[in-house]
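*Asks:* Before we start, here is the structure in question, set down as structure tokens.
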Amino acid sequence: MFSVVAAAEGGGGSFAPLLLIVLLFGVMYFMMIRPQQKRRREAQSMQSALGPGDEIVTIGGLHATVVEVGDDVVTVEIYPGVNARYARPAIARVVKQESAVAEEPVVEETVAEESVVPADDEPIQSPVVETRKSKD
């Protein structure tokens, strides 16, 4: 009689492992695949919004300013006069966008009536004070 009860319970239990596998795939989709798709879409929109003047960081950690944007290639200025071409996916993030930067107001400096330049006959004193110990 014990074997009849065990055989009846064993046949209905085969649905539970299948449900567990489906549930595992559902959790993996929501925990791993959807966030990755969201990050990919954000990176794609960031890379498509690049424009000249944007300050960027590449995936290698290089900080540069965008000079020209092509279909698949972005030309960046690493140092004044030094340009390099990078693929769009090599751009990790935009540090500062040119269109979002507000222009700073120009402040005119007023010159005091006293001249800050010493006259020709006055010696110029250095603000650096040098003291040396004698070798005595």
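Lettering and numbering for the structure tokens are positional, with chains as A, B, ... in the shown order, residues counted from 1 in each chain, and ligands counted from 1 in the shown order.
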From range 70-102 of chain A, collect each residue whose DSSP state is strand (DSSP E) and return the set as a PyMOL selection string.

*Replies:* chain A and resi 73-79+82-87+91-96

*Asks:* Convert the current residue selection to file output with C-alpha atoms, as a PDB file, in the first residue's frame.

*Replies:*
ATOM      1  CA  VAL A  73      33.782  58.233 -35.359  1.00  0.00           C
ATOM      2  CA  VAL A  74      34.234  61.110 -32.905  1.00  0.00           C
ATOM      3  CA  THR A  75      37.260  63.414 -33.234  1.00  0.00           C
ATOM      4  CA  VAL A  76      38.421  64.694 -29.862  1.00  0.00           C
ATOM      5  CA  GLU A  77      41.042  67.198 -28.768  1.00  0.00           C
ATOM      6  CA  ILE A  78      43.292  65.719 -26.113  1.00  0.00           C
ATOM      7  CA  TYR A  79      45.638  68.690 -25.792  1.00  0.00           C
ATOM      8  CA  VAL A  82      46.410  67.308 -30.640  1.00  0.00           C
ATOM      9  CA  ASN A  83      43.381  65.505 -32.079  1.00  0.00           C
ATOM     10  CA  ALA A  84      42.490  61.814 -31.955  1.00  0.00           C
ATOM     11  CA  ARG A  85      39.687  59.787 -33.508  1.00  0.00           C
ATOM     12  CA  TYR A  86      37.628  57.396 -31.405  1.00  0.00           C
ATOM     13  CA  ALA A  87      34.728  55.087 -32.181  1.00  0.00           C
ATOM     14  CA  ILE A  91      33.017  57.095 -25.125  1.00  0.00           C
ATOM     15  CA  ALA A  92      32.122  56.139 -21.566  1.00  0.00           C
ATOM     16  CA  ARG A  93      30.447  59.330 -20.364  1.00  0.00           C
ATOM     17  CA  VAL A  94      29.942  63.020 -21.017  1.00  0.00           C
ATOM     18  CA  VAL A  95      31.405  65.161 -18.249  1.00  0.00           C
ATOM     19  CA  LYS A  96      30.023  68.493 -19.436  1.00  0.00           C
TER      20      LYS A  96
END

*Asks:* At what distance in Å, to one decimal, does CA of Gly53 in chain A lie from CA of Val66 in chain A?

*Replies:* 5.3 Å

*Asks:* Env of Met46 in chain A: 12 Å cut, atoms = only C-alpha atoms, seq-sep filter 3 positions within chain, self excluded. Answer as a tab-separated table (two decimals) with C-alpha atoms, in the first residue's frame.

*Replies:*
chain	number	residue	atom	x	y	z
A	39	ARG	CA	22.12	50.77	-19.74
A	40	ARG	CA	22.68	50.04	-23.42
A	41	ARG	CA	19.83	52.38	-24.42
A	42	GLU	CA	21.17	55.14	-22.14
A	43	ALA	CA	24.68	54.79	-23.61
A	49	ALA	CA	23.68	63.41	-28.35
A	50	LEU	CA	27.42	64.19	-28.59
A	51	GLY	CA	28.34	67.52	-30.11
A	54	ASP	CA	31.37	68.44	-25.06
A	56	ILE	CA	34.02	63.45	-22.47
A	88	ARG	CA	31.45	56.23	-30.63
A	89	PRO	CA	31.15	53.16	-28.35
A	90	ALA	CA	34.57	54.06	-26.84
A	91	ILE	CA	33.02	57.10	-25.12
A	92	ALA	CA	32.12	56.14	-21.57
A	93	ARG	CA	30.45	59.33	-20.36
A	94	VAL	CA	29.94	63.02	-21.02
A	95	VAL	CA	31.41	65.16	-18.25
A	96	LYS	CA	30.02	68.49	-19.44
A	97	GLN	CA	27.85	69.27	-22.43
